[in-house]
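This is my_file.cif. It holds mmCIF, C-alpha atoms and all ligand atoms.
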data_model
#
loop_
_atom_site.label_atom_id
_atom_site.label_comp_id
_atom_site.auth_asym_id
_atom_site.auth_seq_id
_atom_site.Cartn_x
_atom_site.Cartn_y
_atom_site.Cartn_z
CA MET A 5 92.53 90.02 103.30
CA ASN A 6 95.16 88.15 105.32
CA TYR A 7 98.20 90.12 104.20
CA ARG A 8 99.87 92.28 106.87
CA HIS A 9 102.84 94.31 105.75
CA ILE A 10 104.33 94.46 109.26
CA TYR A 11 105.82 90.97 108.63
CA HIS A 12 107.74 92.30 105.62
CA ALA A 13 108.42 95.96 106.42
CA GLY A 14 111.95 97.05 105.54
CA ASN A 15 112.79 93.89 103.60
CA PHE A 16 114.79 93.90 100.35
CA ALA A 17 111.64 94.54 98.29
CA ASP A 18 110.72 97.57 100.39
CA CYS A 19 114.27 98.89 100.00
CA LEU A 20 114.07 98.95 96.20
CA LYS A 21 110.46 100.22 96.11
CA HIS A 22 111.06 102.94 98.67
CA ILE A 23 114.35 104.18 97.19
CA VAL A 24 112.60 104.51 93.82
CA LEU A 25 109.70 106.29 95.55
CA THR A 26 112.08 108.84 97.06
CA ARG A 27 113.75 109.43 93.67
CA ILE A 28 110.37 110.08 92.01
CA LEU A 29 109.13 112.39 94.78
CA LEU A 30 112.34 114.41 94.75
CA HIS A 31 112.03 114.78 90.99
CA LEU A 32 108.43 116.00 91.34
CA GLY A 33 109.50 118.46 94.03
CA LYS A 34 111.99 120.16 91.71
CA LYS A 35 109.22 122.27 90.15
CA GLU A 36 107.31 124.79 92.24
CA LYS A 37 103.96 123.61 90.82
CA PRO A 38 102.03 121.28 93.16
CA PHE A 39 102.01 117.53 92.61
CA PHE A 40 99.54 114.80 93.52
CA ALA A 41 100.28 111.32 94.85
CA LEU A 42 97.89 108.38 94.93
CA ASP A 43 98.94 105.36 97.00
CA THR A 44 96.34 102.71 96.14
CA HIS A 45 97.45 100.06 98.66
CA ALA A 46 98.88 102.18 101.42
CA GLY A 47 99.38 99.90 104.44
CA ILE A 48 99.73 101.52 107.89
CA GLY A 49 102.40 104.11 107.06
CA LEU A 50 104.82 103.40 109.90
CA TYR A 51 106.12 100.06 111.14
CA ASP A 52 107.53 99.04 114.51
CA LEU A 53 110.41 96.70 113.79
CA SER A 54 110.57 95.70 117.45
CA SER A 55 107.02 94.30 117.28
CA ASP A 56 106.43 90.55 117.61
CA GLU A 57 105.32 90.37 113.97
CA ALA A 58 108.42 92.08 112.52
CA GLN A 59 110.71 90.17 114.89
CA LYS A 60 109.10 86.88 113.89
CA THR A 61 110.30 87.09 110.28
CA GLY A 62 113.24 89.46 110.82
CA GLU A 63 113.08 90.32 107.10
CA TRP A 64 114.24 93.90 107.72
CA GLN A 65 117.58 92.57 108.96
CA ASP A 66 118.42 91.45 105.41
CA GLY A 67 117.00 94.66 103.95
CA ILE A 68 117.17 98.12 105.49
CA ALA A 69 119.54 97.00 108.29
CA ARG A 70 122.11 95.86 105.70
CA LEU A 71 121.85 99.14 103.78
CA LEU A 72 122.28 101.24 106.91
CA GLY A 73 125.25 99.05 107.79
CA GLU A 74 126.86 99.82 104.42
CA LYS A 75 126.28 103.52 105.02
CA GLU A 76 127.85 103.36 108.48
CA LYS A 77 130.90 101.58 107.05
CA GLY A 78 131.17 104.29 104.37
CA LEU A 79 130.69 101.74 101.60
CA LEU A 80 127.95 103.45 99.59
CA GLY A 81 130.46 105.14 97.27
CA ARG A 82 128.77 106.40 94.10
CA LEU A 83 125.40 105.33 95.52
CA THR A 84 125.56 107.81 98.40
CA GLY A 85 123.54 110.53 96.65
CA ILE A 86 120.93 108.13 95.27
CA CYS A 87 120.31 106.37 98.60
CA ALA A 88 120.74 109.32 100.97
CA PRO A 89 117.17 110.71 100.93
CA TYR A 90 115.79 107.24 101.77
CA LEU A 91 118.39 106.30 104.38
CA ASP A 92 118.30 109.75 106.01
CA LEU A 93 114.52 109.53 106.27
CA VAL A 94 114.79 106.18 108.09
CA THR A 95 117.50 107.57 110.38
CA ASP A 96 115.39 110.67 111.15
CA LEU A 97 112.52 108.43 112.27
CA ASN A 98 114.87 106.81 114.80
CA PRO A 99 116.24 109.85 116.66
CA GLU A 100 117.47 107.73 119.55
CA GLY A 101 119.63 105.65 117.24
CA GLY A 102 119.14 102.01 116.28
CA LEU A 103 116.40 100.82 113.98
CA LYS A 104 112.93 100.58 115.47
CA CYS A 105 110.70 102.64 113.15
CA TYR A 106 110.43 101.97 109.44
CA PRO A 107 108.45 104.22 107.07
CA GLY A 108 105.80 102.85 104.77
CA SER A 109 105.05 104.53 101.46
CA PRO A 110 102.54 107.06 102.96
CA LYS A 111 105.12 108.28 105.48
CA ILE A 112 107.71 108.67 102.69
CA ILE A 113 105.19 110.67 100.63
CA ASP A 114 104.33 112.71 103.74
CA ARG A 115 108.00 113.58 104.38
CA LEU A 116 108.92 114.36 100.75
CA SER A 117 105.88 116.40 99.77
CA ARG A 118 105.48 120.13 100.31
CA ALA A 119 102.79 122.50 101.57
CA GLN A 120 101.30 122.83 98.06
CA ASP A 121 101.20 119.07 97.32
CA ARG A 122 98.37 116.63 97.99
CA ALA A 123 98.14 112.88 98.54
CA PHE A 124 95.43 110.23 98.77
CA PHE A 125 96.22 107.09 100.76
CA ILE A 126 93.81 104.24 100.12
CA GLU A 127 93.71 101.20 102.39
CA LYS A 128 91.02 98.53 102.49
CA HIS A 129 91.83 96.67 105.70
CA PRO A 130 89.55 98.14 108.42
CA VAL A 131 92.16 97.88 111.19
CA ASP A 132 95.09 99.06 109.08
CA VAL A 133 93.25 102.12 107.80
CA GLU A 134 92.65 103.32 111.37
CA GLN A 135 96.34 102.83 112.13
CA LEU A 136 97.20 104.74 108.96
CA LYS A 137 95.03 107.65 110.09
CA VAL A 138 97.00 107.79 113.33
CA ASN A 139 100.36 107.59 111.55
CA CYS A 140 99.73 109.82 108.52
CA GLY A 141 96.27 111.36 108.75
CA ARG A 142 96.83 114.48 110.83
CA ASP A 143 97.85 116.70 107.93
CA ARG A 144 95.21 118.41 105.78
CA ARG A 145 97.27 117.75 102.65
CA LEU A 146 97.06 114.00 103.20
CA HIS A 147 93.75 112.18 102.81
CA VAL A 148 93.42 108.69 104.25
CA ARG A 149 90.46 106.72 102.91
CA ALA A 150 89.03 103.27 103.65
CA ASP A 151 88.39 102.12 100.12
CA ASP A 152 89.33 99.73 97.34
CA GLY A 153 92.56 100.87 95.69
CA TRP A 154 91.55 99.39 92.34
CA VAL A 155 88.43 101.55 92.31
CA ALA A 156 90.47 104.62 93.29
CA LEU A 157 92.46 104.23 90.06
CA ARG A 158 89.27 105.22 88.28
CA SER A 159 87.59 107.55 90.77
CA ASP A 160 90.66 109.65 91.73
CA LEU A 161 92.25 110.12 88.32
CA PRO A 162 93.06 112.45 86.67
CA PRO A 163 94.01 114.78 89.53
CA GLN A 164 93.54 118.53 89.27
CA GLU A 165 97.32 119.06 89.67
CA ARG A 166 98.01 117.29 86.36
CA ARG A 167 101.40 116.12 87.60
CA GLY A 168 102.26 113.45 90.08
CA LEU A 169 102.65 109.82 90.99
CA VAL A 170 100.51 106.72 91.38
CA LEU A 171 101.95 103.88 93.47
CA ILE A 172 100.20 100.53 93.01
CA ASP A 173 101.47 98.06 95.58
CA PRO A 174 98.95 95.23 96.05
CA PRO A 175 99.48 92.27 98.40
CA PHE A 176 99.46 89.58 95.65
CA GLU A 177 97.17 87.30 97.61
CA GLN A 178 95.26 86.11 94.55
CA ALA A 179 96.40 83.82 91.73
CA ASN A 180 95.58 86.32 88.95
CA GLU A 181 97.24 89.33 90.60
CA TYR A 182 99.77 89.99 87.78
CA GLU A 183 97.05 90.29 85.13
CA ARG A 184 94.93 92.32 87.51
CA LEU A 185 97.83 94.67 88.24
CA VAL A 186 98.33 95.45 84.55
CA ALA A 187 94.63 95.51 83.66
CA GLU A 188 93.72 97.91 86.49
CA PHE A 189 96.76 100.09 85.77
CA LEU A 190 95.60 100.38 82.16
CA LYS A 191 92.22 101.69 83.34
CA GLY A 192 93.93 104.39 85.39
CA TYR A 193 96.38 105.18 82.60
CA LYS A 194 93.51 105.64 80.17
CA ARG A 195 92.20 108.40 82.44
CA TRP A 196 95.61 109.97 83.09
CA SER A 197 98.40 109.04 80.69
CA THR A 198 100.93 111.68 81.77
CA GLY A 199 101.27 110.63 85.42
CA ILE A 200 104.23 108.69 86.76
CA TYR A 201 103.15 105.15 87.70
CA CYS A 202 105.06 102.71 89.86
CA LEU A 203 103.70 99.15 89.92
CA TRP A 204 105.16 96.65 92.37
CA TYR A 205 105.30 92.88 91.78
CA PRO A 206 106.95 89.89 93.44
CA ILE A 207 109.30 87.61 91.53
CA LYS A 208 108.64 83.98 92.38
CA ALA A 209 108.88 82.48 88.91
CA ARG A 210 110.00 84.13 85.67
CA ARG A 211 107.05 83.21 83.41
CA GLU A 212 104.30 85.24 85.15
CA VAL A 213 106.48 88.35 85.26
CA ASP A 214 107.35 88.04 81.56
CA GLN A 215 103.65 87.71 80.77
CA ALA A 216 102.81 90.89 82.70
CA ALA A 217 105.61 92.80 80.93
CA GLY A 218 104.26 91.37 77.63
CA MET A 219 100.81 92.78 78.43
CA LEU A 220 102.29 96.25 78.90
CA LYS A 221 104.26 95.97 75.67
CA GLU A 222 101.22 94.79 73.77
CA ALA A 223 99.21 97.72 75.13
CA GLY A 224 101.89 99.99 73.62
CA ILE A 225 102.60 101.87 76.85
CA ALA A 226 105.51 104.09 75.78
CA ASN A 227 108.14 105.15 78.29
CA SER A 228 107.81 102.05 80.47
CA LEU A 229 110.65 100.58 82.46
CA ARG A 230 111.14 97.18 84.12
CA ALA A 231 113.50 97.12 87.11
CA GLU A 232 114.22 93.91 89.02
CA LEU A 233 116.29 92.64 91.88
CA VAL A 234 116.71 88.89 92.46
CA ILE A 235 118.16 87.67 95.76
CA HIS A 236 117.38 83.95 95.55
CA LYS A 237 117.77 81.32 92.84
CA LEU A 238 114.49 80.83 91.01
CA ASP A 239 114.46 77.14 91.95
CA THR A 240 111.18 77.28 93.87
CA ALA A 241 108.14 79.48 93.29
CA LYS A 242 107.13 79.17 96.94
CA ARG A 243 109.41 81.91 98.22
CA LEU A 244 109.91 85.59 97.37
CA ASN A 245 112.97 85.23 95.16
CA GLY A 246 113.02 88.74 93.88
CA THR A 247 111.15 91.98 93.48
CA GLY A 248 110.30 94.18 90.55
CA LEU A 249 108.79 97.48 89.51
CA PHE A 250 107.15 98.55 86.31
CA ILE A 251 107.69 102.30 86.12
CA ILE A 252 105.72 104.23 83.54
CA ASN A 253 106.76 107.77 82.60
CA PRO A 254 109.80 107.64 84.91
CA PRO A 255 111.72 110.84 85.60
CA PHE A 256 114.37 111.08 82.86
CA THR A 257 117.20 110.55 85.36
CA LEU A 258 115.76 107.38 86.90
CA HIS A 259 116.99 104.90 84.28
CA ASP A 260 120.61 105.91 84.84
CA GLU A 261 120.16 105.92 88.61
CA LEU A 262 118.74 102.40 88.50
CA LYS A 263 121.66 101.29 86.32
CA LEU A 264 123.91 102.07 89.28
CA LEU A 265 121.51 101.17 92.07
CA LEU A 266 120.29 97.71 91.01
CA PRO A 267 123.70 95.95 90.83
CA PHE A 268 124.62 97.53 94.16
CA LEU A 269 121.41 96.28 95.79
CA ALA A 270 121.94 92.82 94.27
CA GLN A 271 125.44 92.67 95.69
CA THR A 272 124.43 94.03 99.12
CA LEU A 273 121.08 92.30 99.61
CA GLY A 274 121.55 89.15 97.48
CA GLN A 275 121.50 85.78 99.22
CA THR A 276 121.55 82.61 97.08
CA ALA A 277 121.49 84.82 93.96
CA GLN A 278 122.71 88.36 93.28
CA ARG A 279 121.10 89.47 90.06
CA SER A 280 119.40 92.53 88.70
CA HIS A 281 117.70 93.43 85.48
CA LEU A 282 116.80 96.75 83.89
CA GLU A 283 115.12 97.21 80.53
CA TRP A 284 112.81 99.49 78.65
CA ILE A 285 109.57 97.61 77.93
CA CYS A 286 108.84 100.44 75.52
CA PRO A 287 111.39 103.26 75.35
CA PRO A 288 110.33 106.90 75.53
CA ASP A 289 109.02 108.29 72.19
N1 LIG A 301 102.47 100.46 99.98
C1 LIG A 301 102.82 100.04 101.33
C2 LIG A 301 104.26 100.47 101.60
O1 LIG A 301 105.08 100.47 100.66
O2 LIG A 301 104.55 100.80 102.74
C3 LIG A 301 102.66 98.58 101.54
C4 LIG A 301 101.34 98.04 101.12
S1 LIG A 301 101.08 96.33 101.38
C5 LIG A 301 102.15 95.58 100.24
C6 LIG A 301 99.51 96.09 100.63
C7 LIG A 301 98.35 96.71 101.42
O3 LIG A 301 97.18 96.67 100.59
C8 LIG A 301 97.96 95.98 102.70
O4 LIG A 301 98.00 96.88 103.77
C9 LIG A 301 96.52 95.49 102.45
O5 LIG A 301 95.71 95.54 103.60
C10 LIG A 301 96.05 96.48 101.41
N2 LIG A 301 94.96 96.03 100.50
C11 LIG A 301 94.64 94.79 100.09
N3 LIG A 301 93.68 94.82 99.16
C12 LIG A 301 93.38 96.14 98.96
C13 LIG A 301 92.50 96.84 98.10
N4 LIG A 301 91.71 96.20 97.22
N5 LIG A 301 92.47 98.18 98.15
C14 LIG A 301 93.27 98.87 99.02
N6 LIG A 301 94.13 98.26 99.86
C15 LIG A 301 94.19 96.91 99.83
#

What would you get if you wrote out this structure as structure tokens?
Amino acid sequence: MNYRHIYHAGNFADCLKHIVLTRILLHLGKKEKPFFALDTHAGIGLYDLSSDEAQKTGEWQDGIARLLGEKEKGLLGRLTGICAPYLDLVTDLNPEGGLKCYPGSPKIIDRLSRAQDRAFFIEKHPVDVEQLKVNCGRDRRLHVRADDGWVALRSDLPPQERRGLVLIDPPFEQANEYERLVAEFLKGYKRWSTGIYCLWYPIKARREVDQAAGMLKEAGIANSLRAELVIHKLDTAKRLNGTGLFIINPPFTLHDELKLLLPFLAQTLGQTAQRSHLEWICPPD
């Protein structure tokens, strides 16, 4: 377990993942009924962008800092409404101005859930889980647990609320992580097929991503979306060229929001490439 998200917090991949997370949570909050959120690979919840680790890579400068810059220049245009909950949340965490604090997925769930909602944050790294407890564990609605997120997909589903979200955001440290992502998702889905699932994956080369999407298609998972942002040419598999999400049972408005959002993010965050891709793996029934 060498992966530490502090080196990558607020980068282009976090921007896409966390905007989508805010859209899903806001959708769930439209109904009075409580919702449940399971974050299987939670991280530490809050990141200090002035830390040595974040400064070393500076990835956030080409991610969240660029988006906030567009907002300040008034260049968000039609994207204002879609991005506002995410950007406002980041701004609220930095009341003295500037950009020092960046929210991880547990903090976003914390801020966009209500008194009646409940969340489980699972983190395996012994140091990170203690940090997560400090950052997001002081609220009785939010349960931080030192555990294996893959196991939680079986032990914590289905939730009593019967509506909610599962975020699966593994570190991709192992060679077989794409197959594992889909295979473990399928185990959770078998227990709870009506939940909204958001699965994160890196894009280094095209083939492995196509294979993972093929596995979902073959499994016949209806209502499954593939959303991708590519910021570098796919000429080497050694770097993070792009980022993607498989979203199962997305809110009905999300496809159209992504149709606007992805090209904007590609244009704003793209470097040697500026591409995006959105398709139904299997459309809704
Ligand atoms: N979801 C977080 C966010 O968006 O802010 C980022 C999570 S980071 C990409 C992946 C996290 O998974 C790391 O903090 C790592 O320690 C943790 N991790 C690795 N293997 C795990 C496992 N089997 N179960 C739970 N957490 C794990």

Env. residues ligand LIG 301 (chain A) / 7 Å / all atoms listed in the file / as a ChimeraX atom specification: /A:5,7-9,18,22,43-49,107-110,126-129,132,151-154,173-175

With only C-alpha atoms counted and 12 Å as the cut-off, give the residues of range 11-92 of chain A in contact with range 160-167 of chain A, each with its shortest interatomic distance in Å and the pair that gives it, as a Markdown table.
| residue | atom | partner | partner_atom | distance |
| --- | --- | --- | --- | --- |
| A:Ile28 | CA | A:Arg167 | CA | 11.7 |
| A:Leu29 | CA | A:Arg167 | CA | 11.2 |
| A:His31 | CA | A:Arg167 | CA | 11.2 |
| A:Leu32 | CA | A:Arg167 | CA | 8.0 |
| A:Gly33 | CA | A:Arg167 | CA | 10.6 |
| A:Lys35 | CA | A:Arg167 | CA | 10.3 |
| A:Glu36 | CA | A:Arg167 | CA | 11.5 |
| A:Lys37 | CA | A:Glu165 | CA | 8.1 |
| A:Pro38 | CA | A:Glu165 | CA | 6.3 |
| A:Phe39 | CA | A:Arg167 | CA | 5.2 |
| A:Phe40 | CA | A:Glu165 | CA | 6.2 |
| A:Ala41 | CA | A:Arg167 | CA | 8.8 |
| A:Leu42 | CA | A:Asp160 | CA | 8.0 |
| A:Asp43 | CA | A:Asp160 | CA | 10.7 |
| A:Thr44 | CA | A:Asp160 | CA | 10.0 |

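Coordinates place CA of Phe250 in chain A at a distance of 18.3 Å from CA of Arg195 in chain A.
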
Interatomic distance, CA of Leu220 in chain A to CA of Val170 in chain A (Å, one decimal): 16.4 Å

Interatomic distance, CA of Pro206 in chain A to CA of Leu265 in chain A (Å, one decimal): 18.5 Å

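Every protein, DNA or RNA residue with an atom at most 8 Å from range 86-102 of chain A, where only C-alpha atoms count and chain neighbours fewer than 2 positions away do not, is listed here: His22, Ile23, Thr26, Arg27, Leu71, Leu72, Leu83, Thr84, Lys104, Cys105, Tyr106, Pro107, Ile112, Arg115, Glu261 and Leu265 of chain A.
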
Nearest to Ala277 in chain A by atom-to-atom distance, counting only C-alpha atoms, from A:Ala119, A:Leu249, A:Leu233, A:Leu258: A:Leu233

Once all heavy atoms are restored for range 234-245 of chain A, what would the output be as a PDB file, in the coordinates of the input?
ATOM      1  N   VAL A 234     116.938  90.303  92.104  1.00  0.00           N
ATOM      2  CA  VAL A 234     116.710  88.890  92.460  1.00  0.00           C
ATOM      3  C   VAL A 234     117.736  88.482  93.508  1.00  0.00           C
ATOM      4  O   VAL A 234     118.939  88.611  93.295  1.00  0.00           O
ATOM      5  CB  VAL A 234     116.815  87.987  91.194  1.00  0.00           C
ATOM      6  CG1 VAL A 234     116.701  86.513  91.574  1.00  0.00           C
ATOM      7  CG2 VAL A 234     115.728  88.358  90.196  1.00  0.00           C
ATOM      8  N   ILE A 235     117.239  88.002  94.663  1.00  0.00           N
ATOM      9  CA  ILE A 235     118.160  87.670  95.760  1.00  0.00           C
ATOM     10  C   ILE A 235     118.234  86.165  96.036  1.00  0.00           C
ATOM     11  O   ILE A 235     119.031  85.724  96.849  1.00  0.00           O
ATOM     12  CB  ILE A 235     117.804  88.426  97.062  1.00  0.00           C
ATOM     13  CG1 ILE A 235     116.435  87.996  97.602  1.00  0.00           C
ATOM     14  CG2 ILE A 235     117.844  89.943  96.853  1.00  0.00           C
ATOM     15  CD1 ILE A 235     116.292  88.190  99.099  1.00  0.00           C
ATOM     16  N   HIS A 236     117.342  85.407  95.391  1.00  0.00           N
ATOM     17  CA  HIS A 236     117.380  83.950  95.550  1.00  0.00           C
ATOM     18  C   HIS A 236     117.312  83.289  94.180  1.00  0.00           C
ATOM     19  O   HIS A 236     116.672  83.824  93.266  1.00  0.00           O
ATOM     20  CB  HIS A 236     116.190  83.452  96.380  1.00  0.00           C
ATOM     21  CG  HIS A 236     116.372  83.649  97.856  1.00  0.00           C
ATOM     22  ND1 HIS A 236     117.376  83.027  98.580  1.00  0.00           N
ATOM     23  CD2 HIS A 236     115.678  84.397  98.747  1.00  0.00           C
ATOM     24  CE1 HIS A 236     117.289  83.388  99.849  1.00  0.00           C
ATOM     25  NE2 HIS A 236     116.287  84.227  99.977  1.00  0.00           N
ATOM     26  N   LYS A 237     117.912  82.111  94.074  1.00  0.00           N
ATOM     27  CA  LYS A 237     117.770  81.320  92.840  1.00  0.00           C
ATOM     28  C   LYS A 237     116.294  81.053  92.600  1.00  0.00           C
ATOM     29  O   LYS A 237     115.554  80.818  93.554  1.00  0.00           O
ATOM     30  CB  LYS A 237     118.501  79.992  92.998  1.00  0.00           C
ATOM     31  CG  LYS A 237     119.999  80.124  92.970  1.00  0.00           C
ATOM     32  CD  LYS A 237     120.638  78.759  93.070  1.00  0.00           C
ATOM     33  CE  LYS A 237     122.140  78.936  93.129  1.00  0.00           C
ATOM     34  NZ  LYS A 237     122.820  77.866  93.839  1.00  0.00           N
ATOM     35  N   LEU A 238     115.913  81.048  91.329  1.00  0.00           N
ATOM     36  CA  LEU A 238     114.490  80.830  91.010  1.00  0.00           C
ATOM     37  C   LEU A 238     114.208  79.322  90.955  1.00  0.00           C
ATOM     38  O   LEU A 238     113.623  78.825  90.006  1.00  0.00           O
ATOM     39  CB  LEU A 238     114.136  81.491  89.675  1.00  0.00           C
ATOM     40  CG  LEU A 238     114.333  83.002  89.579  1.00  0.00           C
ATOM     41  CD1 LEU A 238     113.889  83.546  88.230  1.00  0.00           C
ATOM     42  CD2 LEU A 238     113.589  83.738  90.682  1.00  0.00           C
ATOM     43  N   ASP A 239     114.636  78.593  91.989  1.00  0.00           N
ATOM     44  CA  ASP A 239     114.460  77.140  91.950  1.00  0.00           C
ATOM     45  C   ASP A 239     113.180  76.675  92.656  1.00  0.00           C
ATOM     46  O   ASP A 239     112.830  75.504  92.607  1.00  0.00           O
ATOM     47  CB  ASP A 239     115.693  76.415  92.526  1.00  0.00           C
ATOM     48  CG  ASP A 239     116.088  76.942  93.897  1.00  0.00           C
ATOM     49  OD1 ASP A 239     115.338  77.775  94.447  1.00  0.00           O
ATOM     50  OD2 ASP A 239     117.133  76.534  94.415  1.00  0.00           O
ATOM     51  N   THR A 240     112.505  77.590  93.329  1.00  0.00           N
ATOM     52  CA  THR A 240     111.180  77.280  93.870  1.00  0.00           C
ATOM     53  C   THR A 240     110.321  78.532  93.761  1.00  0.00           C
ATOM     54  O   THR A 240     110.809  79.645  93.974  1.00  0.00           O
ATOM     55  CB  THR A 240     111.226  76.828  95.348  1.00  0.00           C
ATOM     56  OG1 THR A 240     109.887  76.828  95.855  1.00  0.00           O
ATOM     57  CG2 THR A 240     112.095  77.728  96.218  1.00  0.00           C
ATOM     58  N   ALA A 241     109.047  78.328  93.418  1.00  0.00           N
ATOM     59  CA  ALA A 241     108.140  79.480  93.290  1.00  0.00           C
ATOM     60  C   ALA A 241     107.426  79.740  94.609  1.00  0.00           C
ATOM     61  O   ALA A 241     106.515  80.556  94.671  1.00  0.00           O
ATOM     62  CB  ALA A 241     107.148  79.233  92.160  1.00  0.00           C
ATOM     63  N   LYS A 242     107.841  79.029  95.655  1.00  0.00           N
ATOM     64  CA  LYS A 242     107.130  79.170  96.940  1.00  0.00           C
ATOM     65  C   LYS A 242     107.672  80.301  97.789  1.00  0.00           C
ATOM     66  O   LYS A 242     107.115  80.643  98.817  1.00  0.00           O
ATOM     67  CB  LYS A 242     107.217  77.852  97.715  1.00  0.00           C
ATOM     68  CG  LYS A 242     106.362  76.766  97.089  1.00  0.00           C
ATOM     69  CD  LYS A 242     106.163  75.602  98.021  1.00  0.00           C
ATOM     70  CE  LYS A 242     105.262  74.570  97.351  1.00  0.00           C
ATOM     71  NZ  LYS A 242     105.786  73.237  97.436  1.00  0.00           N
ATOM     72  N   ARG A 243     108.832  80.863  97.378  1.00  0.00           N
ATOM     73  CA  ARG A 243     109.410  81.910  98.220  1.00  0.00           C
ATOM     74  C   ARG A 243     109.528  83.200  97.390  1.00  0.00           C
ATOM     75  O   ARG A 243     109.456  83.157  96.157  1.00  0.00           O
ATOM     76  CB  ARG A 243     110.745  81.350  98.717  1.00  0.00           C
ATOM     77  CG  ARG A 243     111.966  82.144  98.533  1.00  0.00           C
ATOM     78  CD  ARG A 243     113.211  81.366  98.885  1.00  0.00           C
ATOM     79  NE  ARG A 243     113.873  80.984  97.632  1.00  0.00           N
ATOM     80  CZ  ARG A 243     114.808  80.079  97.514  1.00  0.00           C
ATOM     81  NH1 ARG A 243     115.210  79.398  98.540  1.00  0.00           N
ATOM     82  NH2 ARG A 243     115.344  79.825  96.336  1.00  0.00           N
ATOM     83  N   LEU A 244     109.705  84.316  98.075  1.00  0.00           N
ATOM     84  CA  LEU A 244     109.910  85.590  97.370  1.00  0.00           C
ATOM     85  C   LEU A 244     111.371  85.638  96.924  1.00  0.00           C
ATOM     86  O   LEU A 244     112.254  85.955  97.707  1.00  0.00           O
ATOM     87  CB  LEU A 244     109.574  86.764  98.297  1.00  0.00           C
ATOM     88  CG  LEU A 244     109.612  88.148  97.649  1.00  0.00           C
ATOM     89  CD1 LEU A 244     108.514  88.307  96.600  1.00  0.00           C
ATOM     90  CD2 LEU A 244     109.445  89.244  98.715  1.00  0.00           C
ATOM     91  N   ASN A 245     111.587  85.296  95.659  1.00  0.00           N
ATOM     92  CA  ASN A 245     112.970  85.230  95.160  1.00  0.00           C
ATOM     93  C   ASN A 245     113.496  86.588  94.716  1.00  0.00           C
ATOM     94  O   ASN A 245     114.696  86.817  94.663  1.00  0.00           O
ATOM     95  CB  ASN A 245     113.045  84.261  93.981  1.00  0.00           C
ATOM     96  CG  ASN A 245     112.786  82.836  94.412  1.00  0.00           C
ATOM     97  OD1 ASN A 245     113.331  82.383  95.424  1.00  0.00           O
ATOM     98  ND2 ASN A 245     111.942  82.117  93.670  1.00  0.00           N
TER      99      ASN A 245
END
